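Everything below belongs to protein_17.cif, which stores mmCIF, C-alpha atoms.
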```cif
data_entry
#
loop_
_atom_site.label_atom_id
_atom_site.label_comp_id
_atom_site.auth_asym_id
_atom_site.auth_seq_id
_atom_site.Cartn_x
_atom_site.Cartn_y
_atom_site.Cartn_z
CA MET K 1340 0.00 0.00 0.00
CA ASN K 1341 1.44 3.34 -1.04
CA VAL K 1342 0.20 6.79 -0.03
CA GLU K 1343 -2.17 7.08 -3.02
CA LEU K 1344 -3.85 3.78 -2.19
CA CYS K 1345 -4.19 4.75 1.47
CA LEU K 1346 -5.76 8.09 0.49
CA ALA K 1347 -8.12 6.22 -1.84
CA TRP K 1348 -9.07 3.95 1.07
CA MET K 1349 -9.99 6.91 3.29
CA LEU K 1350 -11.87 8.62 0.46
CA ARG K 1351 -13.82 5.44 -0.29
CA PHE K 1352 -14.60 4.96 3.43
CA SER K 1353 -15.94 8.51 3.52
CA GLU K 1354 -18.09 7.82 0.45
CA LEU K 1355 -19.49 4.61 1.93
CA VAL K 1356 -20.22 6.34 5.26
CA ASP K 1357 -21.96 9.12 3.37
CA ALA K 1358 -24.04 6.67 1.34
CA GLU K 1359 -24.93 4.57 4.39
CA ALA K 1360 -25.29 7.41 6.91
CA ASP K 1361 -29.05 7.05 7.13
CA ARG K 1362 -28.79 3.31 7.79
CA LEU K 1363 -26.11 3.84 10.47
CA THR K 1364 -28.23 6.49 12.15
CA ALA K 1365 -31.31 4.25 12.02
CA LEU K 1366 -29.36 1.39 13.63
CA ASP K 1367 -28.15 3.82 16.30
CA ALA K 1368 -31.67 5.17 16.86
CA ALA K 1369 -32.79 1.64 17.78
CA ILE K 1370 -30.28 1.11 20.60
CA GLY K 1371 -28.14 4.26 20.88
CA ASP K 1372 -28.65 7.98 20.64
CA GLY K 1373 -29.34 8.07 16.92
CA ASP K 1374 -26.40 10.07 15.67
CA HIS K 1375 -23.82 7.56 14.45
CA GLY K 1376 -24.35 8.11 10.73
CA VAL K 1377 -24.42 11.88 11.05
CA ASN K 1378 -21.37 11.87 13.31
CA MET K 1379 -19.32 9.55 11.10
CA ARG K 1380 -20.24 11.56 8.01
CA ARG K 1381 -19.11 14.78 9.71
CA GLY K 1382 -15.92 13.15 11.00
CA MET K 1383 -14.89 11.59 7.69
CA GLN K 1384 -15.72 14.77 5.75
CA ALA K 1385 -13.39 16.62 8.12
CA ALA K 1386 -10.75 13.93 7.61
CA VAL K 1387 -10.98 14.10 3.81
CA ALA K 1388 -10.79 17.90 3.96
CA ALA K 1389 -7.69 17.73 6.20
CA LEU K 1390 -6.04 15.22 3.86
CA GLY K 1391 -6.73 17.54 0.93
CA GLU K 1392 -5.38 20.64 2.65
CA SER K 1393 -2.04 19.14 3.64
CA PRO K 1394 -1.49 15.93 1.64
CA PRO K 1395 0.54 13.40 3.67
CA GLU K 1396 3.54 11.69 2.11
CA THR K 1397 3.21 8.21 3.61
CA PRO K 1398 0.35 5.76 4.27
CA GLY K 1399 1.04 6.00 7.99
CA SER K 1400 0.66 9.76 8.03
CA VAL K 1401 -2.62 9.46 6.09
CA LEU K 1402 -4.01 7.28 8.87
CA VAL K 1403 -2.65 9.49 11.65
CA ALA K 1404 -4.16 12.62 10.05
CA THR K 1405 -7.48 10.82 9.59
CA GLY K 1406 -7.46 9.80 13.24
CA ARG K 1407 -6.72 13.33 14.38
CA ALA K 1408 -9.65 14.73 12.38
CA LEU K 1409 -12.01 12.00 13.60
CA VAL K 1410 -11.23 12.52 17.27
CA SER K 1411 -11.72 16.28 16.93
CA LYS K 1412 -14.77 16.46 14.72
CA THR K 1413 -16.91 13.34 15.12
CA GLY K 1414 -18.64 14.16 18.40
CA GLY K 1415 -19.80 10.81 19.80
CA ALA K 1416 -17.91 7.85 21.25
CA ALA K 1417 -16.98 6.79 17.71
CA GLY K 1418 -14.67 9.82 17.44
CA PRO K 1419 -12.12 8.87 20.09
CA LEU K 1420 -12.47 5.17 19.29
CA TYR K 1421 -11.89 5.41 15.53
CA GLY K 1422 -9.50 8.32 16.07
CA THR K 1423 -7.30 6.31 18.41
CA GLY K 1424 -7.54 3.26 16.16
CA PHE K 1425 -6.44 5.15 13.04
CA ARG K 1426 -3.61 6.89 14.83
CA ARG K 1427 -2.30 3.66 16.31
CA ALA K 1428 -2.53 2.01 12.88
CA GLY K 1429 -0.70 4.92 11.29
CA LYS K 1430 2.05 4.86 13.89
CA ALA K 1431 2.48 1.12 13.35
CA LEU K 1432 3.28 1.82 9.68
CA THR K 1433 6.03 4.26 10.79
CA ASP K 1434 7.39 6.20 7.80
CA THR K 1435 7.31 3.36 5.29
CA GLU K 1436 6.33 4.51 1.79
CA LEU K 1437 5.15 1.12 0.54
CA ALA K 1438 3.51 -1.09 3.16
CA SER K 1439 3.35 -4.82 2.45
CA ALA K 1440 0.22 -6.87 3.14
CA ALA K 1441 1.87 -8.08 6.35
CA GLU K 1442 2.59 -4.51 7.42
CA VAL K 1443 -0.99 -3.43 6.72
CA GLY K 1444 -2.06 -6.45 8.79
CA ALA K 1445 0.15 -5.29 11.66
CA ALA K 1446 -1.40 -1.83 11.37
CA LEU K 1447 -4.89 -3.34 11.64
CA VAL K 1448 -3.76 -5.29 14.71
CA ALA K 1449 -2.57 -2.00 16.22
CA MET K 1450 -5.91 -0.38 15.34
CA LEU K 1451 -7.81 -3.12 17.17
CA ALA K 1452 -5.49 -2.90 20.18
CA GLY K 1453 -5.91 0.88 20.34
CA ILE K 1454 -9.69 0.65 20.22
CA GLN K 1455 -9.77 -2.07 22.87
CA ASP K 1456 -7.33 -0.18 25.13
CA LEU K 1457 -9.56 2.86 25.01
CA GLY K 1458 -13.01 1.27 25.07
CA GLN K 1459 -12.24 -1.88 27.09
CA ALA K 1460 -14.61 -3.89 24.90
CA ALA K 1461 -14.16 -7.61 24.22
CA GLU K 1462 -15.63 -9.68 21.41
CA GLY K 1463 -19.28 -10.40 22.14
CA ASP K 1464 -19.97 -7.05 23.83
CA LYS K 1465 -21.91 -5.86 20.73
CA THR K 1466 -19.47 -3.17 19.60
CA MET K 1467 -17.22 -2.33 16.65
CA VAL K 1468 -14.78 -4.90 18.05
CA ASP K 1469 -17.18 -7.63 16.91
CA ALA K 1470 -16.54 -6.60 13.30
CA LEU K 1471 -12.91 -5.54 13.59
CA ALA K 1472 -11.50 -8.50 15.53
CA PRO K 1473 -12.62 -11.19 13.04
CA ALA K 1474 -11.58 -8.91 10.17
CA VAL K 1475 -8.07 -8.58 11.57
CA SER K 1476 -7.82 -12.34 12.04
CA ALA K 1477 -9.05 -13.00 8.50
CA PHE K 1478 -6.68 -10.40 7.07
CA GLU K 1479 -3.68 -11.90 8.82
CA ALA K 1480 -4.64 -15.42 7.77
CA SER K 1481 -4.77 -14.32 4.11
CA ALA K 1482 -1.91 -11.80 4.08
CA GLY K 1483 0.33 -14.31 2.30
CA GLU K 1484 -2.00 -14.16 -0.72
CA GLY K 1485 -1.46 -10.42 -1.13
CA LEU K 1486 -3.17 -7.22 -0.06
CA ALA K 1487 -6.30 -7.51 -2.22
CA ALA K 1488 -7.05 -11.08 -1.13
CA ALA K 1489 -6.42 -10.27 2.51
CA ALA K 1490 -8.60 -7.16 2.34
CA GLU K 1491 -11.39 -9.14 0.68
CA ALA K 1492 -11.25 -11.77 3.43
CA ALA K 1493 -11.25 -9.04 6.07
CA ALA K 1494 -14.23 -7.28 4.50
CA LYS K 1495 -16.22 -10.51 4.43
CA ALA K 1496 -15.35 -11.31 8.06
CA ALA K 1497 -16.23 -7.77 9.18
CA ALA K 1498 -19.60 -7.88 7.42
CA GLU K 1499 -20.37 -11.26 8.99
CA GLY K 1500 -19.18 -9.98 12.36
CA ALA K 1501 -21.48 -6.97 12.13
CA VAL K 1502 -24.51 -9.12 11.29
CA ALA K 1503 -23.55 -11.48 14.12
CA THR K 1504 -24.06 -8.63 16.62
CA VAL K 1505 -27.83 -8.79 16.02
CA PRO K 1506 -28.58 -11.51 18.63
CA LEU K 1507 -26.08 -10.14 21.15
CA GLN K 1508 -26.97 -8.18 24.29
CA ALA K 1509 -24.97 -4.96 24.55
CA ARG K 1510 -22.47 -4.69 27.35
CA LYS K 1511 -20.93 -1.32 26.45
CA GLY K 1512 -22.21 2.21 25.93
CA ARG K 1513 -25.72 3.55 26.03
CA ALA K 1514 -27.15 0.34 24.56
CA SER K 1515 -25.98 -1.60 27.64
CA TYR K 1516 -28.64 0.21 29.70
CA LEU K 1517 -31.27 -1.39 27.50
CA GLY K 1518 -30.38 -4.89 28.70
CA GLU K 1519 -32.28 -7.56 26.75
CA ARG K 1520 -34.00 -4.89 24.64
CA SER K 1521 -30.68 -4.38 22.84
CA ILE K 1522 -31.04 -7.90 21.40
CA GLY K 1523 -32.29 -8.06 17.81
CA HIS K 1524 -30.51 -4.98 16.49
CA GLU K 1525 -27.24 -4.72 14.56
CA ASP K 1526 -24.61 -2.66 16.36
CA PRO K 1527 -24.05 0.61 14.48
CA GLY K 1528 -20.33 0.73 15.33
CA ALA K 1529 -19.83 -2.78 13.96
CA ALA K 1530 -21.77 -1.72 10.84
CA SER K 1531 -19.50 1.28 10.20
CA THR K 1532 -16.42 -0.85 10.83
CA ALA K 1533 -17.65 -3.26 8.16
CA LEU K 1534 -17.74 -0.27 5.78
CA LEU K 1535 -14.11 0.55 6.61
CA LEU K 1536 -12.99 -2.95 5.61
CA ARG K 1537 -15.26 -2.98 2.55
CA ALA K 1538 -13.64 0.28 1.44
CA LEU K 1539 -10.20 -1.31 1.80
CA ALA K 1540 -11.28 -4.33 -0.25
CA GLU K 1541 -12.74 -2.15 -2.99
CA VAL K 1542 -9.71 0.09 -3.45
CA THR K 1543 -7.20 -2.76 -3.30
CA THR K 1544 -9.16 -4.76 -5.88
CA GLU K 1545 -9.26 -1.74 -8.21
CA SER K 1546 -5.53 -0.99 -7.86
CA MET F 28 -1.58 27.67 43.47
CA THR F 29 -4.13 24.89 43.66
CA VAL F 30 -5.09 21.81 41.65
CA GLY F 31 -7.38 22.71 38.75
CA ILE F 32 -10.62 20.85 38.05
CA VAL F 33 -12.16 20.21 34.61
CA LEU F 34 -15.69 18.84 34.25
CA VAL F 35 -16.53 17.01 31.01
CA SER F 36 -20.14 16.29 30.10
CA HIS F 37 -22.17 15.64 26.96
CA SER F 38 -24.15 18.70 27.92
CA ALA F 39 -22.58 22.16 28.02
CA ASN F 40 -25.26 23.29 30.47
CA LEU F 41 -24.70 20.33 32.79
CA ALA F 42 -20.93 20.82 32.84
CA GLU F 43 -21.24 24.56 33.46
CA ALA F 44 -23.86 24.16 36.20
CA ALA F 45 -21.81 21.50 37.98
CA ALA F 46 -18.74 23.76 37.72
CA GLU F 47 -20.72 26.69 39.09
CA LEU F 48 -21.88 24.58 42.05
CA ALA F 49 -18.35 23.32 42.78
CA ARG F 50 -16.95 26.87 42.54
CA GLU F 51 -19.60 28.11 44.96
CA LEU F 52 -18.68 25.45 47.53
CA ALA F 53 -14.90 25.65 47.08
CA GLY F 54 -14.41 29.39 46.88
CA PRO F 55 -12.24 31.46 44.58
CA ALA F 56 -8.90 29.68 45.18
CA THR F 57 -9.73 26.74 42.89
CA ALA F 58 -10.24 26.93 39.14
CA VAL F 59 -13.18 24.74 38.08
CA LEU F 60 -13.71 24.83 34.32
CA ALA F 61 -16.46 23.24 32.24
CA ALA F 62 -15.88 21.38 28.95
CA GLY F 63 -19.34 20.28 27.89
CA GLY F 64 -20.87 19.60 24.50
CA THR F 65 -19.29 19.95 21.08
CA GLU F 66 -17.63 23.02 19.58
CA ASP F 67 -20.70 23.71 17.45
CA GLY F 68 -23.05 23.57 20.44
CA ARG F 69 -24.44 20.05 20.13
CA PHE F 70 -24.60 17.34 22.77
CA GLY F 71 -21.34 15.40 22.69
CA THR F 72 -17.71 15.82 23.59
CA SER F 73 -14.91 17.90 22.09
CA ILE F 74 -11.29 16.99 22.67
CA ASP F 75 -10.32 20.57 21.80
CA LYS F 76 -12.67 22.00 24.44
CA ILE F 77 -11.27 19.64 27.06
CA GLU F 78 -7.70 20.50 26.08
CA SER F 79 -8.27 24.24 26.37
CA ALA F 80 -10.10 23.81 29.70
CA VAL F 81 -7.14 21.82 31.03
CA ALA F 82 -4.79 24.60 29.95
CA GLY F 83 -7.05 27.19 31.58
CA ALA F 84 -7.45 25.27 34.85
CA ASP F 85 -3.76 24.51 35.34
CA SER F 86 -1.82 26.80 37.64
CA GLY F 87 1.20 24.54 37.95
CA ASP F 88 -0.15 22.00 40.44
CA GLY F 89 -1.91 19.77 37.92
CA VAL F 90 -5.47 19.16 36.80
CA ALA F 91 -8.10 16.57 37.73
CA ILE F 92 -10.67 15.74 35.03
CA LEU F 93 -14.09 14.39 35.95
CA MET F 94 -16.39 12.97 33.26
CA ASP F 95 -20.00 11.84 32.99
CA VAL F 96 -20.36 8.86 30.63
CA GLY F 97 -19.59 7.42 27.21
CA SER F 98 -17.74 9.71 24.84
CA ALA F 99 -16.91 12.09 27.72
CA VAL F 100 -14.83 9.30 29.23
CA LEU F 101 -13.40 8.06 25.93
CA THR F 102 -12.48 11.52 24.67
CA SER F 103 -10.81 12.41 27.97
CA LYS F 104 -8.82 9.17 27.82
CA ALA F 105 -7.83 9.91 24.24
CA LEU F 106 -6.64 13.39 25.24
CA LEU F 107 -4.59 11.99 28.10
CA ALA F 108 -2.89 9.57 25.71
CA GLU F 109 -1.75 12.36 23.42
CA LEU F 110 -0.74 15.02 25.97
CA ASP F 111 2.97 15.74 25.81
CA ASP F 112 5.30 15.09 28.68
CA GLY F 113 6.24 18.44 30.09
CA GLY F 114 2.69 19.78 29.96
CA PRO F 115 0.44 19.99 33.02
CA GLU F 116 0.10 16.86 35.11
CA VAL F 117 -3.39 15.53 34.38
CA ARG F 118 -5.34 12.76 36.09
CA LEU F 119 -8.71 11.27 35.14
CA VAL F 120 -10.96 10.71 38.13
CA ASP F 121 -13.25 7.69 38.38
CA ALA F 122 -16.08 9.33 40.27
CA PRO F 123 -19.68 10.58 39.88
CA LEU F 124 -19.54 13.97 38.18
CA VAL F 125 -21.36 16.24 40.62
CA GLU F 126 -20.37 14.64 43.92
CA GLY F 127 -16.82 14.10 42.71
CA ALA F 128 -16.53 17.68 41.48
CA ILE F 129 -17.57 19.06 44.85
CA ALA F 130 -15.17 16.79 46.75
CA ALA F 131 -12.32 17.58 44.34
CA ALA F 132 -12.87 21.33 44.36
CA VAL F 133 -13.18 21.63 48.13
CA THR F 134 -10.09 19.46 48.67
CA SER F 135 -8.18 21.52 46.15
CA SER F 136 -9.22 24.74 47.87
CA THR F 137 -7.42 23.58 51.04
CA GLY F 138 -4.17 23.47 49.10
CA GLN F 139 -3.76 19.69 48.91
CA ASP F 140 -1.95 18.08 46.00
CA LEU F 141 -3.30 16.31 42.91
CA ALA F 142 -3.15 12.83 44.46
CA ALA F 143 -5.18 13.99 47.45
CA VAL F 144 -7.72 15.75 45.23
CA VAL F 145 -8.16 12.63 43.10
CA ALA F 146 -8.49 10.42 46.20
CA ALA F 147 -11.12 12.70 47.73
CA ALA F 148 -13.15 12.75 44.53
CA GLU F 149 -12.97 8.98 44.13
CA GLN F 150 -14.21 8.52 47.71
CA ALA F 151 -17.40 10.20 46.53
CA ARG F 152 -18.10 7.08 44.48
CA GLY F 153 -18.81 5.03 47.59
CA MET F 154 -20.39 7.70 49.74
CA ARG F 155 -23.88 6.72 50.83
CA LYS F 156 -26.60 9.32 50.95
CA LEU F 157 -29.23 7.43 52.90
#
```
Now, as a test, write the supplied structure out as structure tokens.
Amino acid sequence: MNVELCLAWMLRFSELVDAEADRLTALDAAIGDGDHGVNMRRGMQAAVAALGESPPETPGSVLVATGRALVSKTGGAAGPLYGTGFRRAGKALTDTELASAAEVGAALVAMLAGIQDLGQAAEGDKTMVDALAPAVSAFEASAGEGLAAAAEAAAKAAAEGAVATVPLQARKGRASYLGERSIGHEDPGAASTALLLRALAEVTTES
Amino acid sequence: MTVGIVLVSHSANLAEAAAELARELAGPATAVLAAGGTEDGRFGTSIDKIESAVAGADSGDGVAILMDVGSAVLTSKALLAELDDGGPEVRLVDAPLVEGAIAAAVTSSTGQDLAAVVAAAEQARGMRKL
């Protein structure tokens, strides 16, 4: 992954968030405070604007700049969670100009660790971790087949992980106050995480 | 110089009212600053608002941050992770916002250090009312 591909990934993520914002907000309205789509759209628009104003020179700095914009501009819990995740992923790539599939995998591992350090969520808590953790595992298992294949495997695992949050009872965030009434709804954070991995799969397949 | 207090809430009004109450009980020696809501006036949390409140509350003896829930906690933790060494000493307090703010501000007003302020605020978590 070079800097152009990483920029394309962020741009595509922003486009998918924009296109799916209403669905994300509807999911959040069912068990959260109903602003996830709006917040993610605002955050990613700010990230894309920041990337355009001062174009980074490495994939790692693209992710760090995206994280900084998300933590400042998103508003809800997703801001610090995604923001920390992107920054940790970007730092894991250091100043490399061309990240291998294995290095992108290590960055995704760092993203997951950053999100879990901050949010203290485990798999099964009905959060974005339920999409990201299986995606990271799938990516690493397929990294030997190249970036596009690994990204495709990760996107599939993330989408399945998001859908698998439907029968779970939330143990984190506002939804956890709902107890059993949180069962039967897809977690909005897991849904937006699935979009992040789908964006990666789409841009790596096109490149 | 006393320990500064920053109150982080999803609601600008809630943070400011809690700060006003703590200031009233602690007196003028302690800086209690509110960092509630987003920069554009919505419910939510702004890392930039928290950062500037920390800078405003610090008088050299450090700052204790109290949060309500959710993104207030996560954003405060994210700020702590990115603060540079050499800046003000900042501690997050695991305590109820209003009760903790009062305990922290009053303790600070007596000139005690950051560790004592944090300990006093965290005692508020277990304090029974009835």
* Compile the contact shell of region 139-155 of chain F as a PyMOL selection string: residues with an atom at most 8 Å away, counting only C-alpha atoms, same-chain residues fewer than 4 positions apart removed. => chain F and resi 29-30+88-91+118+120-123+126-132+134-135
* Quick one: distance from CA of Asp67 (chain F) to CA of Gly1371 (chain K) in Å, one decimal? ->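 If I compute the distance from CA of Asp67 (chain F) to CA of Gly1371 (chain K), I get 21.1 Å.
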Output as CSV one row per residue of chain K within 9 Å of chain F: the closest atom pair and its distance in Å to one decimal place, counting only C-alpha atoms, sorted by chain and residue number ascending.
```
residue,atom,partner,partner_atom,distance
K:Val1410,CA,F:Ile74,CA,7.0
K:Ser1411,CA,F:Ile74,CA,5.8
K:Lys1412,CA,F:Ser73,CA,7.5
K:Thr1413,CA,F:Ser73,CA,8.6
K:Gly1414,CA,F:Gly71,CA,5.2
K:Gly1415,CA,F:Ser98,CA,5.6
K:Ala1416,CA,F:Ser98,CA,4.0
K:Ala1417,CA,F:Ser98,CA,7.7
K:Gly1418,CA,F:Thr102,CA,7.7
K:Pro1419,CA,F:Thr102,CA,5.3
K:Leu1420,CA,F:Leu101,CA,7.3
K:Gly1422,CA,F:Ala105,CA,8.5
K:Thr1423,CA,F:Ala105,CA,6.9
K:Leu1457,CA,F:Leu101,CA,6.5
K:Gly1458,CA,F:Leu101,CA,6.9
K:Lys1511,CA,F:Gly97,CA,8.9
K:Gly1512,CA,F:Gly97,CA,6.0
K:Arg1513,CA,F:Gly97,CA,7.3
```
* **Answer key for the PyMOL selection byres ((chain F and resi 40) around 12), residues as a list in words** => Leu34, Val35, Ser36, His37, Ser38, Ala39, Leu41, Ala42, Glu43, Ala44, Ala45, Ala46, Glu47, Ala61, Ala62, Gly63, Gly64, Thr65, Gly68, Arg69, Phe70 and Gly71 of chain F
Mind writing the picked residues with C-alpha atoms as a JSON list (two decimals), in the frame of the given file?
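New file selection.json:
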```
[["chain", "number", "residue", "atom", "x", "y", "z"],
["F", 34, "LEU", "CA", -15.69, 18.84, 34.25],
["F", 35, "VAL", "CA", -16.53, 17.01, 31.01],
["F", 36, "SER", "CA", -20.14, 16.29, 30.10],
["F", 37, "HIS", "CA", -22.17, 15.64, 26.96],
["F", 38, "SER", "CA", -24.15, 18.70, 27.92],
["F", 39, "ALA", "CA", -22.58, 22.16, 28.02],
["F", 41, "LEU", "CA", -24.70, 20.33, 32.79],
["F", 42, "ALA", "CA", -20.93, 20.82, 32.84],
["F", 43, "GLU", "CA", -21.24, 24.56, 33.46],
["F", 44, "ALA", "CA", -23.86, 24.16, 36.20],
["F", 45, "ALA", "CA", -21.81, 21.50, 37.98],
["F", 46, "ALA", "CA", -18.74, 23.76, 37.72],
["F", 47, "GLU", "CA", -20.72, 26.69, 39.09],
["F", 61, "ALA", "CA", -16.46, 23.24, 32.24],
["F", 62, "ALA", "CA", -15.88, 21.38, 28.95],
["F", 63, "GLY", "CA", -19.34, 20.28, 27.89],
["F", 64, "GLY", "CA", -20.87, 19.60, 24.50],
["F", 65, "THR", "CA", -19.29, 19.95, 21.08],
["F", 68, "GLY", "CA", -23.05, 23.57, 20.44],
["F", 69, "ARG", "CA", -24.44, 20.05, 20.13],
["F", 70, "PHE", "CA", -24.60, 17.34, 22.77],
["F", 71, "GLY", "CA", -21.34, 15.40, 22.69]]
```
So that I can check the surroundings of region 82-84 of chain F, please list as a PDB file with C-alpha atoms, in the coordinates of the input every protein, DNA and RNA residue that reaches within 7 Å of it, counting all atoms listed in the file and ignoring chain neighbours fewer than 6 positions away.
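Now in out-v9.pdb:
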```
ATOM      1  CA  GLY F  31      -7.380  22.710  38.750  1.00  0.00           C
ATOM      2  CA  ILE F  32     -10.620  20.850  38.050  1.00  0.00           C
ATOM      3  CA  VAL F  33     -12.160  20.210  34.610  1.00  0.00           C
ATOM      4  CA  ALA F  58     -10.240  26.930  39.140  1.00  0.00           C
ATOM      5  CA  VAL F  59     -13.180  24.740  38.080  1.00  0.00           C
ATOM      6  CA  LEU F  60     -13.710  24.830  34.320  1.00  0.00           C
ATOM      7  CA  VAL F  90      -5.470  19.160  36.800  1.00  0.00           C
TER       8      VAL F  90
END
```
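Interatomic distance, CA of Pro115 (chain F) to CA of Thr137 (chain F): 20.0 Å.
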* Just give me the gap between CA of Ala1530 (chain K) and CA of Ala1445 (chain K) in Å, one decimal is fine. => 22.2 Å
* Asked: So which residues get picked by the PyMOL selection byres ((chain K and resi 1364-1368) around 12) here, written as JSON, numbers by chain?
  -> {"K": [1356, 1357, 1358, 1359, 1360, 1361, 1362, 1363, 1369, 1370, 1371, 1372, 1373, 1374, 1375, 1376, 1377, 1378, 1379, 1380, 1415, 1417, 1466, 1501, 1502, 1504, 1505, 1512, 1513, 1514, 1521, 1523, 1524, 1525, 1526, 1527, 1528, 1529, 1530, 1531]}
Take every atom of region 74-91 of chain F listed in the file, fit an axis-aligned box around them, add 6 Å per side, and give the centre and edge lengths in Å to one decimal as AutoDock Vina command-line options.
```
--center_x -5.7 --center_y 21.9 --center_z 31.1 --size_x 25.9 --size_y 22.6 --size_z 30.6
```
